[in-house]
Amino acid sequence: QIEMSADGQCNGAARTPQATAEPLAAHRIDRSAAASKIRRRQQQQQDRRYYRVRAVPGAPTPNGSYAEGGEGEYQEYPPGCSPSPPLLADRCGYPIDWNSQFLEISRLPEETQAHKFTKFQKLTSLHKNFLTTAVTYGKIIISEAFIHPDYQTIPAKAIGGIAGGEKYIYHGIVYKWANDRHNIYGGDENAMKAGGHELKGLMRYSGIQQLRTPLMALIDYRGFRLVAMSRLPINNSTLVYGSADAGEHVHADVEEFNQLMMLAARKINIKGHLCGRKDYNNYKTLYAPCDIEGHVGTDGEFYVLDLARVFPPTSDHDVRRSYLFKHFRPEFVRSYKKPLSSDAFSKFDGEADVNNAEVAEATEYLFQKLIPQFSTWLENNFTNLNLPRQFAELLHRYGVNIRYSGLVLEHVDTNNAELRSLLIHEMLARVAKNMLREKLRHTMRTRQTLEEDVFTLVITSFLNSILRSNSSFWTDALLEKLEDKYTHSTQAPEVGQSVSQLQLHVERVRLFARVQDLAGVVLTPSATEELYGHTRVAPALASASVAEAPFCVVPSDIASVVVMEKHANEISLAEGNALEIQAMDSLSDSVEAAQRLLNLAMTKFEQAIEATPDSHDIHNNYASVMHKHAMRLSSVVPVVKYLEQALEHYFLARNSRGLFQLAEDARASILPVVAWRDRDDVASYAKLALEHALVLLEDDDTPTHSGVDATVRGVCSALASVLLAAARNKNDDALYSVAGYHGRRSTTLMATPHARWVNSLQCDSDVAVALEAIASSPSLSSLDADCLYKRDLLSPEFLSALLINVKVRTVCLRKCYVTAHTLLSPLKKLGACVTRLDLAKNVQIPAADLCDLLVTCRNVTALDISYCAVNDAVMAAVPDLAVELSLRGCTELTERGLQRLCGRCIHLRRLDLSKIPNLFYVPFVTLDLEELSVRHSRQVNQTSVLLDTPRPSLRALSFSDTELTSGAAREACEQCPHLTRLDISACTAKIIRSIASLTELLCLELTPTHKSYVPDELLLGLAAACPSIHTLALPQMAFAPDAKGVSVLPASLTSLTSLSLAGNQITEEDAASLRTLAESGCCHHLKDLCLERFFVPIKCVDNVTN
């Protein structure tokens, strides 16, 4: 039993027999009468239907008056009277003013990091809210597009315009339907391309100062595209630039706006031209396409929109039909040698003959030069790229359209099977994506339904057709679509003239994965594992395309179909900057957290760059962020990837100053603190940065950045320095010569006294030697071969040029293998200037020639001819003024030559006679020596050195590994009370007691002649008697098993900075004592500890390490 209300609605529930106490028979109902009554009441309800609408001020009411309106007031409309059209037309959702919010945020300050973070965060939030709203309601608009308008949630609006398709307004967002309703594009797919050009144009104008653009997003769903943009404060009366009526009226009304558009055209590299219609004779000069719209908004701001035709069309064979959607890439237009007209091949160009010819020339350049260049570059680098995901970005960065991938394939070597396969799969995947979108559009138009499963079935059926060789996908129509989209693609041998030929070169699972990615189809995890797991289990499937894939997609495998959206790069850029600031702030708390935020920021920057690959500002922003973090993180984490990104994007931004600074920071700040395993990479990136900077500086068309100081000279100098270091590390003569080449260029531009003679050098390696010499001694007062890369690269020409042109006072040619002929002529001219001469280990100079050299250099006071062909005759040629003389290893020298030397060179103060095996007698009685060394001269004994008389001037004495006895050692300590450095072999208790009398001793080396234990009290006594010792060497010393001296010495000698225990064996207790001392901080003054061949028990390894 149903109770019906007076208006025919159900007000109660059916009563069951248990719910009444009376018998059912007492309540029998005449069913026919009840039904008639219900029908009558429903008809009355229909006849008395009312519209109940909120009253709008000024809106007409049923009685002809006008509603005053107010909060909570409604107006009823009886039958036959409906609300006025304005009331229905104003059903536009909540009036969000996105534009005002955007302008307000864009005016926020950026003085501090906190200000920047606040601004970037608000920008990110605004763009995300806009995008979410646009996608949510755009999806509704597309879903309801083909149902009856009475049932559509968001009705279309009559805003005007033809090319943009139907228009919608909801929640402050204007939606333009990118379809070919009026058959002017040749298909919906082409109309969608035109919608994409709208976003490309907007992103190029959004960076122009004082020009405002709307927020914009592209929404792709079920095969259709909507262009969503924020509503602007404009109307028909605010138009001041361009045309809103297909060229019937052309505006260029405000001079300030005209100037801004001219500046924007220069940045984009488009041409100013006469715009209008020939039949109206209304031409005006515009720096944009004729149908662009420039408005001075009601808020006083300058707005520009309708930007789909900013970039000129390519001169294809069907250009008269395709000029609306087949355009040059923005990157190509910007980099082309001359500006091009946006209206070429259109009916709006008043200078069509000239402009069309220029566009045809640019198209020829694209086909004949740029595409072959890109193909060559791709072949050389594709193994280092992330293809196919990076393919579109790389193609666009080079200025080549995706539709010319067939031409790229045509120029790729047929032997490069891997790259050709990548290109074929990418082209097929994009054709398949368009085919799927076409099927979805057809289903939308024919089924006119809201049911999601219908479209899921279309998607699954299409994906399955890719996996089946005999399906509807693999037909001759595929070849036609491939050729239509990609010119010359079917001429590739892999494609051939039949689908069966094509299938032999296609991996269907691989193609399936790429189509799935492009179409936004997300499979469930189980379906993904099952599909791609087959490829892993049976790898032959990937190459044997004739085999059927053992997988079938069903509707339950589809997890979701993503609404594909594209947006302006402001979202990614603002979010990347906000994340970067957060990473900087979190670095002090956690390095891992900072790295995570920085990696997220890198992703956002890369998304922004993918949208506008030619934006120098974004590349500079990204590079500076990577540069800054490489500097801050270099001491704690590997920074090679940050340097790589900084290098790449500084170069793409053509920022030579940034590259130069990156190289300098890498060399000066990062290289010294980075981990050893990364040093070669850091040095390599520094070199690459300088090479890239030099390329940019040598390009005449490179724009000069304000305040740039990275001149060619500076870059060449830095590059030469980096190459010299690399040549040393890698022992590479070729790098050394390249360093000389760049060094020559740097000195050519340097206003220094060395430029002339360095430029006169014929060999680049000589220039490199000169650079090293200048680096070690800027005034070139000395030439030190120890600072040079390879001493054997010293040429006679270099030495002559150096010694003749520069007044060198110190010449160190140790182990340089120079000849007397090389040196004799320049040294004769240099003559008295040389005061220090080092020819050690130049054994190829005969004794006679050596005499001639020494006679020439009469003013030399310091001479080193160690290991040279020195005999007694040479001693007669040693300059009389010599104060320092080293004869180490001169095996042909005898006592007779030394007697002659000591008789002539009465000013000698430092004499080295080490490693002279036949030396029995040291006749220095007549000399007032300060330093004497006879180490390893094994024939020297206590009668040889004649230490029987006091030697108060002797400060350093070394006679280890000789035949001197302990008695001679004690005598030496007694006769030389002012010794500060002593090197002695004999080590006994008596000798140590004698050494303890040397109160001025600073450096001591005790080398025992045989293993003998040294008591603790002797070592401690020595420490007490000579507290000023700062260098102590006890090599191969034997300590008693219970000795503690070795562990106590570092704490006893408070001035000790260097301790050598090489070749010793200490006990576990000694190691523990040393560790205790280290932990207590008593040895903080010790800077150098030598433990070569240091033997400790295995249990003590940890102690010694600590």
# chains A, B, ... in the order shown; residues from 1 in each chain; ligands from 1

call {"tool": "select_by_dssp", "arguments": {"residues": "range 295-402 of chain A", "states": "strand (DSSP E)", "output": "short mmCIF file (atom, residue, chain, number, x, y, z; two decimals) with N, CA and C atoms, in the first residue's frame"}}
result
data_model
loop_
_atom_site.label_atom_id
_atom_site.label_comp_id
_atom_site.auth_asym_id
_atom_site.auth_seq_id
_atom_site.Cartn_x
_atom_site.Cartn_y
_atom_site.Cartn_z
N HIS A 295 45.09 43.46 -26.48
CA HIS A 295 44.08 44.24 -25.77
C HIS A 295 44.73 45.08 -24.68
N VAL A 296 44.20 46.26 -24.46
CA VAL A 296 44.48 47.01 -23.24
C VAL A 296 43.29 46.73 -22.32
N PHE A 302 48.40 45.16 -20.56
CA PHE A 302 48.48 44.80 -21.97
C PHE A 302 48.39 43.28 -22.09
N TYR A 303 47.39 42.81 -22.83
CA TYR A 303 47.18 41.37 -22.99
C TYR A 303 47.32 40.99 -24.46
N VAL A 304 47.86 39.79 -24.67
CA VAL A 304 47.98 39.27 -26.03
C VAL A 304 47.47 37.83 -26.02
N LEU A 305 46.67 37.46 -27.01
CA LEU A 305 46.09 36.12 -27.10
C LEU A 305 45.82 35.78 -28.56
#

call {"tool": "residues_around", "arguments": {"residues": "Ile147 in chain A", "least_positions_apart": "5", "cutoff": "8 Å", "atoms": "only C-alpha atoms", "output": "list in words"}}
result
Gln152, Gln448 and Thr449 of chain A

call {"tool": "atom_distance", "arguments": {"atom1": "CA of Tyr404 in chain A", "atom2": "CA of Tyr486 in chain A"}}
result
5.8 Å

call {"tool": "residues_around", "arguments": {"residues": "Glu494 in chain A", "least_positions_apart": "2", "cutoff": "8 Å", "atoms": "only C-alpha atoms", "output": "MDAnalysis selection string"}}
result
chainID A and resid 492 496 501:502 504:505

call {"tool": "write_last_selection", "arguments": {"atoms": "C-alpha atoms", "output": "PDB file, in the first residue's frame"}}
result
ATOM      1  CA  ALA A 492      62.987   3.345 -46.016  1.00  0.00           C
ATOM      2  CA  GLY A 496      59.178  -1.332 -48.058  1.00  0.00           C
ATOM      3  CA  GLN A 501      57.947  -6.243 -44.931  1.00  0.00           C
ATOM      4  CA  LEU A 502      57.441  -3.687 -42.166  1.00  0.00           C
ATOM      5  CA  LEU A 504      59.840  -8.044 -40.051  1.00  0.00           C
ATOM      6  CA  HIS A 505      61.524  -4.992 -38.464  1.00  0.00           C
TER       7      HIS A 505
END

call {"tool": "atom_distance", "arguments": {"atom1": "CA of Pro330 in chain A", "atom2": "CA of Leu688 in chain A"}}
result
28.1 Å

call {"tool": "residues_around", "arguments": {"residues": "Glu931 in chain A", "least_positions_apart": "6", "cutoff": "10 Å", "atoms": "only C-alpha atoms", "output": "tab-separated table (two decimals) with all heavy atoms, in the first residue's frame"}}
result
chain	number	residue	atom	x	y	z
A	884	GLU	N	127.39	27.41	-2.67
A	884	GLU	CA	126.77	26.09	-2.54
A	884	GLU	C	127.26	25.23	-3.69
A	884	GLU	O	127.27	25.68	-4.85
A	884	GLU	CB	125.24	26.20	-2.58
A	884	GLU	CG	124.63	27.06	-1.51
A	884	GLU	CD	123.12	27.13	-1.66
A	884	GLU	OE1	122.54	26.17	-2.22
A	884	GLU	OE2	122.54	28.14	-1.23
A	908	LEU	N	132.97	28.75	-0.19
A	908	LEU	CA	132.04	27.62	-0.04
A	908	LEU	C	131.55	27.50	1.39
A	908	LEU	O	132.33	27.53	2.34
A	908	LEU	CB	132.73	26.31	-0.45
A	908	LEU	CG	132.70	25.93	-1.93
A	908	LEU	CD1	133.44	24.63	-2.14
A	908	LEU	CD2	131.26	25.80	-2.43
A	909	ARG	N	130.24	27.38	1.52
A	909	ARG	CA	129.63	27.18	2.84
A	909	ARG	C	128.83	25.88	2.92
A	909	ARG	O	128.66	25.34	4.00
A	909	ARG	CB	128.69	28.36	3.15
A	909	ARG	CG	129.42	29.69	3.28
A	909	ARG	CD	130.33	29.68	4.50
A	909	ARG	NE	131.06	30.94	4.63
A	909	ARG	CZ	132.27	31.18	4.15
A	909	ARG	NH1	132.90	30.20	3.47
A	909	ARG	NH2	132.87	32.34	4.30
A	910	ARG	N	128.35	25.42	1.78
A	910	ARG	CA	127.56	24.19	1.78
A	910	ARG	C	128.12	23.26	0.71
A	910	ARG	O	128.16	23.61	-0.48
A	910	ARG	CB	126.07	24.49	1.51
A	910	ARG	CG	125.39	25.17	2.68
A	910	ARG	CD	123.99	25.63	2.37
A	910	ARG	NE	123.97	26.81	1.51
A	910	ARG	CZ	124.17	28.06	1.96
A	910	ARG	NH1	124.40	28.27	3.25
A	910	ARG	NH2	124.15	29.08	1.14
A	911	LEU	N	128.53	22.05	1.14
A	911	LEU	CA	129.20	21.11	0.26
A	911	LEU	C	128.60	19.72	0.43
A	911	LEU	O	128.47	19.22	1.56
A	911	LEU	CB	130.71	21.07	0.57
A	911	LEU	CG	131.57	20.14	-0.28
A	911	LEU	CD1	131.53	20.54	-1.75
A	911	LEU	CD2	133.01	20.13	0.24
A	912	ASP	N	128.20	19.13	-0.71
A	912	ASP	CA	127.60	17.79	-0.69
A	912	ASP	C	128.52	16.84	-1.46
A	912	ASP	O	128.69	16.96	-2.68
A	912	ASP	CB	126.22	17.82	-1.34
A	912	ASP	CG	125.48	16.49	-1.17
A	912	ASP	OD1	126.09	15.52	-0.71
A	912	ASP	OD2	124.28	16.45	-1.49
A	953	SER	N	131.30	26.96	13.20
A	953	SER	CA	130.38	27.44	12.15
A	953	SER	C	129.54	26.32	11.55
A	953	SER	O	128.56	26.58	10.84
A	953	SER	CB	131.18	28.13	11.05
A	953	SER	OG	132.08	27.21	10.45
A	954	LEU	N	129.93	25.05	11.75
A	954	LEU	CA	129.22	23.93	11.13
A	954	LEU	C	127.85	23.76	11.77
A	954	LEU	O	127.75	23.56	12.99
A	954	LEU	CB	130.04	22.65	11.28
A	954	LEU	CG	129.69	21.52	10.30
A	954	LEU	CD1	129.94	21.97	8.86
A	954	LEU	CD2	130.51	20.27	10.61
A	955	ARG	N	126.82	23.84	10.94
A	955	ARG	CA	125.45	23.73	11.43
A	955	ARG	C	124.77	22.41	11.04
A	955	ARG	O	123.84	21.99	11.73
A	955	ARG	CB	124.60	24.89	10.86
A	955	ARG	CG	125.10	26.27	11.25
A	955	ARG	CD	124.84	26.52	12.72
A	955	ARG	NE	125.30	27.84	13.12
A	955	ARG	CZ	125.15	28.34	14.36
A	955	ARG	NH1	124.56	27.60	15.29
A	955	ARG	NH2	125.62	29.52	14.67
A	956	ALA	N	125.20	21.82	9.97
A	956	ALA	CA	124.56	20.58	9.51
A	956	ALA	C	125.63	19.59	9.11
A	956	ALA	O	126.55	19.93	8.35
A	956	ALA	CB	123.64	20.86	8.33
A	957	LEU	N	125.53	18.38	9.62
A	957	LEU	CA	126.51	17.35	9.36
A	957	LEU	C	125.80	16.04	9.11
A	957	LEU	O	124.93	15.62	9.89
A	957	LEU	CB	127.47	17.21	10.54
A	957	LEU	CG	128.57	16.16	10.42
A	957	LEU	CD1	129.47	16.45	9.22
A	957	LEU	CD2	129.38	16.10	11.71
A	958	SER	N	126.16	15.39	8.00
A	958	SER	CA	125.53	14.13	7.65
A	958	SER	C	126.60	13.15	7.23
A	958	SER	O	127.29	13.36	6.23
A	958	SER	CB	124.52	14.32	6.51
A	958	SER	OG	123.99	13.10	6.09
A	979	LEU	N	125.63	22.49	16.12
A	979	LEU	CA	124.89	21.71	15.11
A	979	LEU	C	123.38	21.83	15.35
A	979	LEU	O	122.89	21.68	16.48
A	979	LEU	CB	125.29	20.24	15.17
A	979	LEU	CG	126.62	19.84	14.53
A	979	LEU	CD1	126.88	18.36	14.75
A	979	LEU	CD2	126.63	20.17	13.05
A	981	ARG	N	121.39	20.27	12.69
A	981	ARG	CA	120.90	19.10	11.97
A	981	ARG	C	122.01	18.06	11.94
A	981	ARG	O	123.13	18.34	11.52
A	981	ARG	CB	120.49	19.47	10.55
A	981	ARG	CG	119.80	18.31	9.81
A	981	ARG	CD	119.13	18.73	8.52
A	981	ARG	NE	120.09	19.09	7.48
A	981	ARG	CZ	120.28	20.31	7.03
A	981	ARG	NH1	119.61	21.32	7.57
A	981	ARG	NH2	121.16	20.56	6.07

call {"tool": "residues_around", "arguments": {"residues": "range 615-620 of chain A", "least_positions_apart": "6", "cutoff": "8 Å", "atoms": "only C-alpha atoms", "output": "compact mmCIF listing (two decimals) with all heavy atoms, in the first residue's frame"}}
result
# COMPACT_ATOMS: atom_id res chain seq x y z
N LEU A 573 58.57 25.49 -13.76
CA LEU A 573 59.67 26.38 -13.40
C LEU A 573 59.52 26.91 -11.98
O LEU A 573 60.47 26.91 -11.19
CB LEU A 573 59.73 27.54 -14.39
CG LEU A 573 60.97 28.42 -14.34
CD1 LEU A 573 62.22 27.59 -14.60
CD2 LEU A 573 60.87 29.54 -15.37
N PHE A 605 62.66 21.26 -13.59
CA PHE A 605 63.36 22.10 -14.56
C PHE A 605 63.39 21.42 -15.92
O PHE A 605 63.23 22.07 -16.96
CB PHE A 605 64.79 22.38 -14.08
CG PHE A 605 64.89 23.47 -13.07
CD1 PHE A 605 65.39 23.22 -11.81
CD2 PHE A 605 64.48 24.76 -13.36
CE1 PHE A 605 65.49 24.22 -10.86
CE2 PHE A 605 64.57 25.77 -12.42
CZ PHE A 605 65.08 25.50 -11.17
N ALA A 608 60.14 21.86 -17.65
CA ALA A 608 60.02 23.21 -18.22
C ALA A 608 60.83 23.33 -19.50
O ALA A 608 60.39 23.96 -20.47
CB ALA A 608 60.48 24.24 -17.19
N ILE A 609 62.02 22.73 -19.52
CA ILE A 609 62.87 22.81 -20.72
C ILE A 609 62.26 22.00 -21.85
O ILE A 609 62.34 22.40 -23.02
CB ILE A 609 64.28 22.32 -20.37
CG1 ILE A 609 64.98 23.33 -19.48
CG2 ILE A 609 65.10 22.04 -21.62
CD1 ILE A 609 66.28 22.86 -18.89
N HIS A 649 73.57 23.00 -19.77
CA HIS A 649 72.55 24.05 -19.89
C HIS A 649 73.14 25.45 -19.98
O HIS A 649 72.51 26.33 -20.57
CB HIS A 649 71.55 23.91 -18.75
CG HIS A 649 70.74 22.66 -18.83
ND1 HIS A 649 69.71 22.49 -19.72
CD2 HIS A 649 70.85 21.47 -18.18
CE1 HIS A 649 69.20 21.28 -19.61
NE2 HIS A 649 69.88 20.64 -18.67
N TYR A 650 74.33 25.67 -19.44
CA TYR A 650 75.01 26.94 -19.73
C TYR A 650 75.29 27.04 -21.23
O TYR A 650 75.15 28.10 -21.84
CB TYR A 650 76.33 27.03 -18.96
CG TYR A 650 76.22 27.61 -17.57
CD1 TYR A 650 76.96 27.07 -16.51
CD2 TYR A 650 75.40 28.70 -17.31
CE1 TYR A 650 76.87 27.61 -15.24
CE2 TYR A 650 75.31 29.24 -16.03
CZ TYR A 650 76.05 28.69 -15.00
OH TYR A 650 75.97 29.22 -13.75
N LEU A 652 73.66 25.45 -23.69
CA LEU A 652 72.40 25.63 -24.43
C LEU A 652 71.88 27.05 -24.28
O LEU A 652 71.19 27.56 -25.18
CB LEU A 652 71.36 24.62 -23.93
CG LEU A 652 71.64 23.16 -24.28
CD1 LEU A 652 70.65 22.23 -23.59
CD2 LEU A 652 71.61 22.95 -25.78
N ALA A 653 72.18 27.69 -23.15
CA ALA A 653 71.81 29.10 -22.97
C ALA A 653 72.80 30.04 -23.63
O ALA A 653 72.61 31.26 -23.57
CB ALA A 653 71.70 29.41 -21.47
N ARG A 654 73.85 29.50 -24.21
CA ARG A 654 74.91 30.28 -24.86
C ARG A 654 75.51 31.29 -23.89
O ARG A 654 75.77 32.44 -24.23
CB ARG A 654 74.37 30.96 -26.13
CG ARG A 654 73.73 29.99 -27.11
CD ARG A 654 73.40 30.67 -28.43
NE ARG A 654 74.60 31.04 -29.16
CZ ARG A 654 75.34 30.21 -29.87
NH1 ARG A 654 75.02 28.93 -29.93
NH2 ARG A 654 76.41 30.63 -30.51
N ASN A 655 75.73 30.83 -22.67
CA ASN A 655 76.25 31.69 -21.61
C ASN A 655 77.73 31.40 -21.42
O ASN A 655 78.12 30.53 -20.63
CB ASN A 655 75.46 31.44 -20.32
CG ASN A 655 75.84 32.40 -19.21
OD1 ASN A 655 76.83 33.14 -19.31
ND2 ASN A 655 75.07 32.41 -18.15

call {"tool": "atom_distance", "arguments": {"atom1": "CA of Phe311 in chain A", "atom2": "CA of Glu483 in chain A"}}
result
24.4 Å
